[in-house]
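Structure data follow from work.tsv (TSV, C-alpha atoms):
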```tsv
chain	number	residue	atom	x	y	z
A	161	MET	CA	0.00	0.00	0.00
A	162	GLU	CA	1.13	3.53	-0.81
A	163	LYS	CA	2.92	5.36	1.97
A	164	ILE	CA	0.44	7.52	3.85
A	165	LYS	CA	1.02	11.22	3.41
A	166	ASN	CA	-1.41	13.12	5.58
A	167	LYS	CA	-0.88	12.18	9.19
A	168	LYS	CA	-3.05	14.97	10.51
A	169	SER	CA	-6.61	14.64	11.65
A	170	SER	CA	-9.14	17.20	10.51
A	171	ALA	CA	-12.54	18.42	11.57
A	172	ILE	CA	-15.09	19.66	9.06
A	173	ARG	CA	-18.31	21.27	10.20
A	174	PHE	CA	-21.60	20.43	8.52
A	175	ASN	CA	-24.70	22.31	9.57
A	176	LEU	CA	-27.20	19.60	10.50
A	177	ASP	CA	-30.13	21.84	9.51
A	178	ASP	CA	-29.14	22.74	5.94
A	179	GLY	CA	-26.31	20.21	5.34
A	180	LEU	CA	-23.86	22.92	4.30
A	181	SER	CA	-20.30	23.35	5.54
A	182	PRO	CA	-18.84	26.74	6.44
A	183	ASP	CA	-15.36	25.21	5.96
A	184	LYS	CA	-15.45	24.02	2.36
A	185	GLU	CA	-16.84	24.99	-1.03
A	186	SER	CA	-19.57	22.65	-2.27
A	187	LYS	CA	-19.82	21.29	-5.80
A	188	LYS	CA	-23.06	22.44	-7.39
A	189	ARG	CA	-25.17	20.67	-10.00
A	190	MET	CA	-27.45	23.04	-11.85
A	191	LEU	CA	-30.44	21.92	-13.91
A	192	SER	CA	-28.45	23.03	-16.97
A	193	ASP	CA	-25.84	20.37	-16.06
A	194	MET	CA	-28.41	17.57	-16.03
A	195	VAL	CA	-28.34	16.88	-19.76
A	196	GLY	CA	-29.94	13.54	-20.66
A	197	ILE	CA	-30.76	12.73	-17.04
A	198	TYR	CA	-34.48	13.54	-16.84
A	199	LEU	CA	-37.07	11.95	-19.13
A	200	ASP	CA	-38.71	15.21	-20.19
A	201	ASN	CA	-35.91	17.25	-21.67
A	202	ASP	CA	-38.24	19.94	-23.02
A	203	ALA	CA	-39.64	20.55	-19.54
A	204	ARG	CA	-36.09	20.82	-18.25
A	205	LYS	CA	-35.14	23.38	-20.88
A	206	ASN	CA	-38.29	25.43	-20.25
A	207	MET	CA	-37.56	25.56	-16.53
A	208	ILE	CA	-34.17	27.17	-17.10
A	209	SER	CA	-35.06	29.37	-20.07
A	210	THR	CA	-34.83	32.49	-17.92
A	211	LYS	CA	-32.78	31.35	-14.91
A	212	ASP	CA	-30.80	28.27	-13.99
A	213	ILE	CA	-31.84	26.17	-10.96
A	214	LEU	CA	-29.67	24.51	-8.32
A	215	VAL	CA	-30.69	20.84	-8.12
A	216	TYR	CA	-28.12	19.60	-5.61
A	217	GLU	CA	-24.78	20.27	-4.04
A	218	PHE	CA	-22.24	18.02	-2.34
A	219	TYR	CA	-18.74	18.00	-0.92
A	220	GLU	CA	-15.53	16.50	-2.25
A	221	LEU	CA	-12.94	16.93	0.46
A	222	GLY	CA	-9.94	15.93	-1.61
A	223	LEU	CA	-8.67	13.04	0.45
A	224	PRO	CA	-5.86	11.00	-1.08
A	225	GLU	CA	-7.37	8.51	-3.51
A	226	ASN	CA	-5.98	5.35	-2.01
A	227	PRO	CA	-7.63	2.48	-0.14
A	228	ALA	CA	-6.41	3.68	3.27
A	229	HIS	CA	-8.75	6.66	3.24
A	230	ILE	CA	-12.48	7.20	3.52
A	231	ALA	CA	-14.11	9.94	1.46
A	232	TYR	CA	-17.13	11.53	3.11
A	233	GLY	CA	-19.40	14.54	3.08
A	234	THR	CA	-22.98	15.65	2.67
A	235	THR	CA	-25.30	15.81	-0.32
A	236	ILE	CA	-28.09	18.39	-0.28
A	237	LEU	CA	-30.74	17.58	-2.86
A	238	TYR	CA	-33.35	20.33	-3.24
A	239	PRO	CA	-37.07	19.75	-3.80
A	240	GLY	CA	-38.54	20.10	-7.26
A	241	LYS	CA	-39.71	18.22	-10.34
A	242	VAL	CA	-38.91	18.12	-14.05
A	243	GLY	CA	-42.33	17.33	-15.48
A	244	ASP	CA	-43.53	14.50	-13.22
A	245	GLU	CA	-40.03	13.40	-12.28
A	246	TYR	CA	-38.68	14.33	-8.88
A	247	PHE	CA	-35.38	16.15	-8.53
A	248	MET	CA	-32.59	13.61	-8.24
A	249	THR	CA	-28.84	13.33	-8.46
A	250	LYS	CA	-27.10	12.14	-11.62
A	251	GLY	CA	-26.14	8.91	-9.93
A	252	HIS	CA	-22.98	6.96	-10.63
A	253	PHE	CA	-21.15	3.69	-10.44
A	254	HIS	CA	-17.84	3.55	-8.65
A	255	SER	CA	-14.89	3.25	-11.01
A	256	LEU	CA	-13.69	0.51	-8.68
A	257	LEU	CA	-16.94	-1.35	-9.05
A	258	GLU	CA	-16.34	-3.64	-6.06
A	259	THR	CA	-16.66	-0.89	-3.44
A	260	ALA	CA	-19.64	-0.09	-1.24
A	261	GLU	CA	-21.00	3.19	0.10
A	262	ILE	CA	-23.03	4.39	3.07
A	263	TYR	CA	-25.82	6.95	2.71
A	264	SER	CA	-27.27	8.23	5.97
A	265	CYS	CA	-30.28	10.49	5.73
A	266	ILE	CA	-30.15	13.49	8.07
A	267	LYS	CA	-33.22	15.39	6.85
A	268	GLY	CA	-36.00	15.13	4.32
A	269	GLU	CA	-37.62	12.24	2.52
A	270	GLY	CA	-37.15	10.29	-0.65
A	271	TYR	CA	-35.43	7.26	-2.07
A	272	LEU	CA	-32.04	5.83	-2.80
A	273	LEU	CA	-32.23	4.00	-6.12
A	274	MET	CA	-29.54	1.43	-6.93
A	275	GLU	CA	-28.73	-0.70	-9.95
A	276	ASP	CA	-25.93	-3.09	-10.80
A	277	PRO	CA	-24.39	-3.62	-14.26
A	278	GLU	CA	-26.69	-6.61	-14.85
A	279	GLY	CA	-29.76	-4.40	-14.29
A	280	ASN	CA	-30.70	-5.68	-10.82
A	281	VAL	CA	-32.54	-2.88	-9.02
A	282	GLU	CA	-32.64	-2.02	-5.32
A	283	ILE	CA	-34.57	0.85	-3.80
A	284	GLN	CA	-34.60	2.10	-0.20
A	285	GLU	CA	-36.72	4.75	1.43
A	286	MET	CA	-34.81	7.63	2.94
A	287	LYS	CA	-35.91	9.51	6.02
A	288	PRO	CA	-34.03	11.05	8.94
A	289	GLY	CA	-31.90	8.49	10.75
A	290	VAL	CA	-32.06	5.85	8.02
A	291	SER	CA	-28.63	4.59	6.94
A	292	VAL	CA	-28.67	2.85	3.59
A	293	TYR	CA	-25.97	0.41	2.66
A	294	VAL	CA	-25.16	0.55	-1.05
A	295	PRO	CA	-23.57	-2.81	-1.85
A	296	PRO	CA	-20.48	-3.05	-4.01
A	297	ARG	CA	-21.25	-2.96	-7.77
A	298	PHE	CA	-24.40	-0.83	-7.42
A	299	ALA	CA	-24.82	2.57	-9.03
A	300	HIS	CA	-26.77	4.87	-6.71
A	301	ARG	CA	-28.96	7.93	-7.06
A	302	SER	CA	-30.81	10.08	-4.51
A	303	ILE	CA	-34.39	11.15	-5.24
A	304	ASN	CA	-36.18	13.86	-3.24
A	305	THR	CA	-39.95	13.29	-3.03
A	306	SER	CA	-40.71	16.15	-0.65
A	307	LYS	CA	-42.53	19.17	-2.04
A	308	THR	CA	-40.77	21.59	0.28
A	309	GLU	CA	-37.76	20.13	2.09
A	310	PRO	CA	-34.21	19.41	0.94
A	311	MET	CA	-33.07	15.81	1.35
A	312	ILE	CA	-29.80	15.85	3.23
A	313	SER	CA	-27.54	12.79	3.41
A	314	PHE	CA	-24.14	12.01	4.85
A	315	PHE	CA	-22.08	9.66	2.69
A	316	ALA	CA	-18.88	7.63	3.15
A	317	PHE	CA	-16.92	5.43	0.73
A	318	ARG	CA	-13.39	4.25	0.08
A	319	ALA	CA	-11.44	7.26	-1.16
A	320	ASP	CA	-10.07	5.42	-4.21
A	321	ALA	CA	-13.52	4.21	-5.35
A	322	GLY	CA	-13.81	6.89	-8.03
A	323	HIS	CA	-16.90	8.03	-9.91
A	324	ASP	CA	-18.17	6.64	-13.18
A	325	TYR	CA	-20.94	9.02	-14.27
A	326	GLY	CA	-20.69	8.13	-17.96
A	327	THR	CA	-22.35	4.72	-17.81
A	328	ILE	CA	-25.49	6.17	-16.21
A	329	GLU	CA	-25.49	9.16	-18.56
A	330	ASP	CA	-25.47	6.66	-21.44
A	331	LYS	CA	-28.03	4.14	-20.35
A	332	GLY	CA	-29.96	5.70	-17.44
A	333	PHE	CA	-31.41	3.86	-14.48
A	334	ARG	CA	-33.89	1.08	-15.18
A	335	LYS	CA	-36.50	2.66	-12.90
A	336	LEU	CA	-37.75	6.21	-12.50
A	337	VAL	CA	-39.51	7.77	-9.53
A	338	ILE	CA	-42.27	10.10	-10.65
A	339	GLU	CA	-45.31	11.77	-9.11
A	340	ARG	CA	-48.70	10.13	-9.80
A	341	GLU	CA	-51.80	11.64	-8.16
A	342	GLY	CA	-49.64	13.52	-5.70
A	343	LYS	CA	-47.62	10.48	-4.59
A	344	PRO	CA	-44.34	8.87	-5.61
A	345	ALA	CA	-44.60	5.97	-8.05
A	346	ILE	CA	-41.80	3.76	-9.36
A	347	ILE	CA	-42.05	3.12	-13.08
A	348	ASP	CA	-39.92	1.54	-15.81
A	349	ASN	CA	-37.66	3.97	-17.62
A	350	PRO	CA	-38.73	3.81	-21.27
A	351	LYS	CA	-35.28	5.05	-22.32
A	352	TRP	CA	-33.30	2.58	-20.22
A	353	ASN	CA	-30.43	1.02	-22.09
A	354	ALA	CA	-31.60	2.86	-25.21
A	355	LEU	CA	-28.15	3.93	-26.27
A	356	LYS	CA	-26.76	0.49	-25.64
A	357	GLU	CA	-29.51	-1.12	-27.70
A	358	GLY	CA	-29.40	1.24	-30.61
B	148	MET	CA	-10.49	-9.22	-4.48
B	149	GLU	CA	-12.83	-11.75	-2.88
B	150	LYS	CA	-16.06	-12.38	-4.72
B	151	ILE	CA	-18.81	-10.23	-3.23
B	152	LYS	CA	-21.47	-12.19	-1.44
B	153	ASN	CA	-24.15	-9.82	-0.28
B	154	LYS	CA	-25.64	-8.10	-3.28
B	155	LYS	CA	-28.56	-6.68	-1.36
B	156	SER	CA	-28.82	-3.18	-0.02
B	157	SER	CA	-30.04	-2.65	3.50
B	158	ALA	CA	-31.50	0.16	5.56
B	159	ILE	CA	-30.82	0.46	9.27
B	160	ARG	CA	-32.66	3.03	11.35
B	161	PHE	CA	-30.81	5.07	13.97
B	162	ASN	CA	-32.81	7.39	16.17
B	163	LEU	CA	-31.13	10.78	15.76
B	164	ASP	CA	-32.15	11.82	19.29
B	165	ASP	CA	-30.73	8.92	21.31
B	166	GLY	CA	-28.50	7.26	18.68
B	167	LEU	CA	-30.11	3.84	19.19
B	168	SER	CA	-31.34	1.52	16.46
B	169	PRO	CA	-34.65	-0.36	16.72
B	170	ASP	CA	-33.30	-2.81	14.13
B	171	LYS	CA	-30.14	-4.14	15.77
B	172	GLU	CA	-28.79	-5.09	19.17
B	173	SER	CA	-26.06	-2.75	20.43
B	174	LYS	CA	-22.82	-3.86	22.04
B	175	LYS	CA	-22.60	-2.52	25.57
B	176	ARG	CA	-19.52	-1.55	27.55
B	177	MET	CA	-20.15	-1.51	31.28
B	178	LEU	CA	-17.88	0.20	33.78
B	179	SER	CA	-16.95	-3.29	35.00
B	180	ASP	CA	-15.53	-3.98	31.50
B	181	MET	CA	-13.24	-0.96	31.64
B	182	VAL	CA	-10.40	-2.65	33.52
B	183	GLY	CA	-7.15	-0.69	33.34
B	184	ILE	CA	-8.69	2.07	31.23
B	185	TYR	CA	-9.28	4.83	33.79
B	186	LEU	CA	-6.52	6.27	35.96
B	187	ASP	CA	-8.37	5.92	39.27
B	188	ASN	CA	-9.20	2.24	39.48
B	189	ASP	CA	-10.39	2.47	43.09
B	190	ALA	CA	-12.93	5.12	42.14
B	191	ARG	CA	-14.10	2.87	39.31
B	192	LYS	CA	-14.53	-0.09	41.64
B	193	ASN	CA	-16.39	1.98	44.22
B	194	MET	CA	-18.81	3.24	41.58
B	195	ILE	CA	-19.87	-0.28	40.67
B	196	SER	CA	-19.74	-1.84	44.14
B	197	THR	CA	-23.53	-2.03	44.26
B	198	LYS	CA	-24.59	-1.73	40.61
B	199	ASP	CA	-22.81	-1.76	37.26
B	200	ILE	CA	-22.98	1.34	35.01
B	201	LEU	CA	-23.39	1.51	31.22
B	202	VAL	CA	-20.56	3.71	29.86
B	203	TYR	CA	-21.23	3.36	26.13
B	204	GLU	CA	-22.87	1.28	23.48
B	205	PHE	CA	-22.26	0.92	19.76
B	206	TYR	CA	-23.25	-1.12	16.74
B	207	GLU	CA	-21.40	-3.79	14.82
B	208	LEU	CA	-23.50	-4.63	11.82
B	209	GLY	CA	-21.59	-7.71	10.75
B	210	LEU	CA	-20.63	-6.65	7.25
B	211	PRO	CA	-18.21	-8.96	5.42
B	212	GLU	CA	-14.69	-8.14	6.57
B	213	ASN	CA	-13.18	-7.38	3.21
B	214	PRO	CA	-11.98	-4.12	1.63
B	215	ALA	CA	-15.06	-3.78	-0.60
B	216	HIS	CA	-17.28	-3.00	2.37
B	217	ILE	CA	-17.72	-0.08	4.76
B	218	ALA	CA	-18.56	-0.79	8.40
B	219	TYR	CA	-20.69	1.88	10.04
B	220	GLY	CA	-22.96	2.62	12.96
B	221	THR	CA	-23.42	4.85	15.95
B	222	THR	CA	-21.61	5.13	19.27
B	223	ILE	CA	-23.55	6.45	22.26
B	224	LEU	CA	-21.21	7.53	25.05
B	225	TYR	CA	-23.02	8.45	28.26
B	226	PRO	CA	-22.05	11.32	30.59
B	227	GLY	CA	-20.14	10.60	33.76
B	228	LYS	CA	-16.73	10.63	35.40
B	229	VAL	CA	-14.42	8.17	37.12
B	230	GLY	CA	-12.75	10.41	39.67
B	231	ASP	CA	-11.85	13.48	37.60
B	232	GLU	CA	-11.71	11.58	34.35
B	233	TYR	CA	-14.60	11.90	31.91
B	234	PHE	CA	-16.39	8.83	30.61
B	235	MET	CA	-14.69	7.65	27.44
B	236	THR	CA	-14.52	4.67	25.13
B	237	LYS	CA	-11.71	2.13	25.40
B	238	GLY	CA	-10.23	3.34	22.14
B	239	HIS	CA	-8.40	1.15	19.67
B	240	PHE	CA	-6.01	0.93	16.78
B	241	HIS	CA	-7.16	-0.74	13.59
B	242	SER	CA	-5.60	-4.16	13.08
B	243	LEU	CA	-4.94	-2.99	9.54
B	244	LEU	CA	-3.10	0.05	10.80
B	245	GLU	CA	-3.13	1.88	7.46
B	246	THR	CA	-6.88	2.51	7.45
B	247	ALA	CA	-8.72	5.70	8.34
B	248	GLU	CA	-12.07	6.30	10.01
B	249	ILE	CA	-14.76	9.01	10.04
B	250	TYR	CA	-16.43	10.15	13.26
B	251	SER	CA	-19.38	12.49	12.81
B	252	CYS	CA	-20.88	13.95	15.94
B	253	ILE	CA	-24.69	14.00	15.96
B	254	LYS	CA	-25.31	15.13	19.55
B	255	GLY	CA	-23.44	16.16	22.66
B	256	GLU	CA	-19.98	17.53	23.27
B	257	GLY	CA	-16.52	16.22	23.94
B	258	TYR	CA	-13.32	15.21	22.21
B	259	LEU	CA	-11.90	12.66	19.87
B	260	LEU	CA	-8.42	11.76	21.08
B	261	MET	CA	-6.01	10.12	18.63
B	262	GLU	CA	-2.51	8.69	18.88
B	263	ASP	CA	-0.23	6.87	16.47
B	264	PRO	CA	2.25	4.10	17.38
B	265	GLU	CA	5.06	6.67	17.63
B	266	GLY	CA	3.11	8.61	20.27
B	267	ASN	CA	2.03	11.54	18.10
B	268	VAL	CA	-1.17	12.93	19.53
B	269	GLU	CA	-4.12	14.59	17.79
B	270	ILE	CA	-7.24	15.88	19.49
B	271	GLN	CA	-10.42	17.29	17.95
B	272	GLU	CA	-13.42	18.87	19.59
B	273	MET	CA	-16.71	17.12	18.97
B	274	LYS	CA	-20.03	18.90	18.72
B	275	PRO	CA	-23.11	18.35	16.57
B	276	GLY	CA	-22.30	18.47	12.86
B	277	VAL	CA	-18.53	18.14	13.29
B	278	SER	CA	-17.02	15.31	11.21
B	279	VAL	CA	-13.61	14.26	12.41
B	280	TYR	CA	-11.22	12.51	10.08
B	281	VAL	CA	-9.11	9.95	11.92
B	282	PRO	CA	-6.04	9.45	9.73
B	283	PRO	CA	-4.65	5.99	9.03
B	284	ARG	CA	-2.40	4.67	11.83
B	285	PHE	CA	-4.15	6.59	14.63
B	286	ALA	CA	-5.84	4.94	17.59
B	287	HIS	CA	-8.99	6.84	18.54
B	288	ARG	CA	-11.09	7.33	21.65
B	289	SER	CA	-14.26	9.35	22.29
B	290	ILE	CA	-14.52	11.44	25.47
B	291	ASN	CA	-17.78	12.93	26.71
B	292	THR	CA	-17.30	16.20	28.60
B	293	SER	CA	-20.98	17.01	29.07
B	294	LYS	CA	-22.43	16.71	32.55
B	295	THR	CA	-25.85	15.65	31.29
B	296	GLU	CA	-25.94	14.69	27.61
B	297	PRO	CA	-24.82	11.56	25.78
B	298	MET	CA	-22.28	12.11	23.01
B	299	ILE	CA	-23.61	10.45	19.88
B	300	SER	CA	-21.41	9.83	16.85
B	301	PHE	CA	-21.81	8.14	13.51
B	302	PHE	CA	-18.72	6.23	12.36
B	303	ALA	CA	-17.54	4.64	9.10
B	304	PHE	CA	-14.41	2.63	8.28
B	305	ARG	CA	-13.24	-0.09	5.90
B	306	ALA	CA	-14.96	-3.29	6.98
B	307	ASP	CA	-11.71	-5.27	7.08
B	308	ALA	CA	-9.88	-2.72	9.28
B	309	GLY	CA	-10.37	-4.76	12.45
B	310	HIS	CA	-9.97	-3.66	16.07
B	311	ASP	CA	-6.80	-3.83	18.13
B	312	TYR	CA	-7.90	-3.02	21.69
B	313	GLY	CA	-4.95	-4.76	23.35
B	314	THR	CA	-2.28	-2.20	22.52
B	315	ILE	CA	-4.25	0.59	24.21
B	316	GLU	CA	-5.18	-1.62	27.16
B	317	ASP	CA	-1.45	-2.24	27.64
B	318	LYS	CA	-0.01	1.23	27.24
B	319	GLY	CA	-2.94	3.67	27.44
B	320	PHE	CA	-3.21	6.95	25.58
B	321	ARG	CA	-0.49	9.52	26.13
B	322	LYS	CA	-3.02	12.18	27.12
B	323	LEU	CA	-6.02	12.15	29.44
B	324	VAL	CA	-8.98	14.50	29.50
B	325	ILE	CA	-10.03	15.31	33.04
B	326	GLU	CA	-12.13	17.91	34.80
B	327	ARG	CA	-10.28	20.81	36.45
B	328	GLU	CA	-12.32	23.57	38.10
B	329	GLY	CA	-15.42	22.44	36.24
B	330	LYS	CA	-13.78	22.47	32.80
B	331	PRO	CA	-12.03	19.91	30.60
B	332	ALA	CA	-8.23	19.88	30.79
B	333	ILE	CA	-5.83	17.78	28.75
B	334	ILE	CA	-3.02	16.33	30.85
B	335	ASP	CA	-0.21	13.82	30.42
B	336	ASN	CA	-1.11	10.28	31.38
B	337	PRO	CA	1.32	9.32	34.17
B	338	LYS	CA	0.80	5.66	33.32
B	339	TRP	CA	1.39	5.98	29.59
B	340	ASN	CA	3.63	3.28	28.20
B	341	ALA	CA	4.15	2.01	31.75
B	342	LEU	CA	3.79	-1.63	30.85
B	343	LYS	CA	6.04	-1.26	27.87
B	344	GLU	CA	8.73	0.44	29.94
B	345	GLY	CA	8.64	-1.96	32.81
```

Written as structure tokens, how would this file's structure read?
Amino acid sequence: MEKIKNKKSSAIRFNLDDGLSPDKESKKRMLSDMVGIYLDNDARKNMISTKDILVYEFYELGLPENPAHIAYGTTILYPGKVGDEYFMTKGHFHSLLETAEIYSCIKGEGYLLMEDPEGNVEIQEMKPGVSVYVPPRFAHRSINTSKTEPMISFFAFRADAGHDYGTIEDKGFRKLVIEREGKPAIIDNPKWNALKEG
Amino acid sequence: MEKIKNKKSSAIRFNLDDGLSPDKESKKRMLSDMVGIYLDNDARKNMISTKDILVYEFYELGLPENPAHIAYGTTILYPGKVGDEYFMTKGHFHSLLETAEIYSCIKGEGYLLMEDPEGNVEIQEMKPGVSVYVPPRFAHRSINTSKTEPMISFFAFRADAGHDYGTIEDKGFRKLVIEREGKPAIIDNPKWNALKEG
């Protein structure tokens, strides 16, 4: 194993009410960044025709990318919909596919949607205090089903796991979570695997 | 890497007020278990002469002990003192020394005390929202300095890291956190390394 460089501990503050840290700059994903992620791309474009919208933000603390370290931080996913589809994160596989992740919900409500390369789907309900274990090999995406509240999660994974966003951008998740008669419903994604198939 | 066995996600609930899970049995450390941990052993024995006292409890979720997985859970450290010394966890090194850990404080106040095999000491203040990064190679111990409130933390580490309690039981931590004039003070541990030296 690589020789360990940073021998110092650190303390990062996260506000448990809004999930934000006064110590670090968050990474922000705007609705303009979410190309090809939501089913209704026209609705997405209309929503940002005059002003862009912040969908979520999260922290990358820059820990050394080796298996000795644990990357961690918060994700703050804001409420909203694109057409009938709830605001969600892009979702990603780990580049090192055989690595797990923990998602602990601090505030809000929604789902953690997971999918492995063979198309096996897992979904877990998120609410405050629920810690979801994302098994190795599963891509994962947060979905906020609240009309008003951000969904705030604390995450932890091996610092060398890496992010593979491309696979999900290409083929999507097999399932979508949309609003039907005011409630969340899980449906098949009509575009799933579309690029792969044609 | 070992073939992954559990392909299922899971969701464990932790109550964010008291840190306890309705889904799993906690491991409990009683004051009678804390042999050789506190400086004033007579005070410890007197405290439990009629009835044992719960010092802390935590969760071991039984994830496969391989580097693909992340072990996680909560630690609930109750308020109290043994003589002048605040209630604290035993503390441990990881058996795989080159592995880090995250400690995120959910409730309460206190310290996370850390020490590497060369005797380098790190200490971080814990309060709600503070996430402490325990670097690889550092033993770590929680210390509750509140008079009334439990200190509740969420932890995450590589599932194969393992626990080495023996080294700390033998030599102690170099520093102690005790109460002086109603406030926490960090002092040298007069017994540090005693067994090793003689």

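As for CA of Ser313 in chain A and CA of Lys187 in chain A, they are spaced 14.7 Å apart.
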
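Straight-line separation from CA of Thr210 in chain A to CA of Glu329 in chain A: 25.1 Å.
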
Inset, instruction - Dump as a ChimeraX atom specification the residues of chain B that approach chain A to within 7 Å, counting all atoms listed in the file. - result: /B:154-163,215-217,245-248,269,271,276-283,303-304

Inset, instruction - Find the residues near range 195-204 of chain A: any atom within 7 Å, counting all atoms listed in the file, skip ones fewer than 4 places away on the same chain, and give them as an MDAnalysis selection string. - result: chainID A and resid 208 242:243 250 329

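Remark: for Asp180 in chain B, the closest of the candidate residues B:His310, B:Arg288, B:Lys254, B:Lys192 is B:Lys192 (distances computed over all atoms listed in the file).
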
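Each of B:Glu262, B:Asp199, B:Glu256, B:Glu326 was compared to Ile223 in chain B using all atoms listed in the file, and B:Glu256 turns out to be the nearest.
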
Legend entry - Coordinates-based distance that separates CA of Phe218 in chain A from CA of Lys184 in chain A (Å, one decimal): 10.2 Å

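The environment of Pro239 in chain A within 7 Å, counting only C-alpha atoms and disregarding residues fewer than 4 places along the same chain, consists of Phe247, Asn304, Ser306, Lys307, Thr308, Glu309 and Pro310 of chain A.
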
Legend entry - Expected answer as a ChimeraX atom specification: all residues with atoms within 6 Å of (-0.2, 1.4, 20.9), all atoms listed in the file: /B:264,314-315

Generate a file of the selected residues that holds C-alpha atoms, formatted as a compact mmCIF listing (two decimals), keeping the file's coordinate frame.
```txt
# COMPACT_ATOMS: atom_id res chain seq x y z
CA PRO B 264 2.25 4.10 17.38
CA THR B 314 -2.28 -2.20 22.52
CA ILE B 315 -4.25 0.59 24.21
```

Give me the residues within 7 Å of Glu217 in chain A as a short mmCIF file (atom, residue, chain, number, x, y, z; two decimals) with C-alpha atoms, in the frame of the given file, counting all atoms listed in the file and dropping any in the same chain fewer than 2 places off.
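Produced file around_8.cif, reproduced below:
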```cif
data_model
loop_
_atom_site.label_atom_id
_atom_site.label_comp_id
_atom_site.auth_asym_id
_atom_site.auth_seq_id
_atom_site.Cartn_x
_atom_site.Cartn_y
_atom_site.Cartn_z
CA SER A 186 -19.57 22.65 -2.27
CA LYS A 187 -19.82 21.29 -5.80
CA LYS A 188 -23.06 22.44 -7.39
CA ARG A 189 -25.17 20.67 -10.00
CA THR A 235 -25.30 15.81 -0.32
CA ILE A 236 -28.09 18.39 -0.28
CA LEU A 237 -30.74 17.58 -2.86
#
```

Inset, instruction - Find the spatial neighbours of Met177 in chain B, counting all atoms listed in the file, within a cut-off of 7 Å - ignore same-chain residues fewer than 6 positions away - and output them as a PyMOL selection string. - result: chain B and resi 199-202

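Each of A:Gly240, A:Gly222, A:Gly279, A:Gly268 was checked against Asp348 in chain A using only C-alpha atoms; the smallest atom-to-atom distance is that of A:Gly279.
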
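Checking B:Lys322, B:Lys228, B:Thr221, B:Leu208 one by one against Met194 in chain B, counting all atoms listed in the file, you find the shortest gap at B:Lys228.
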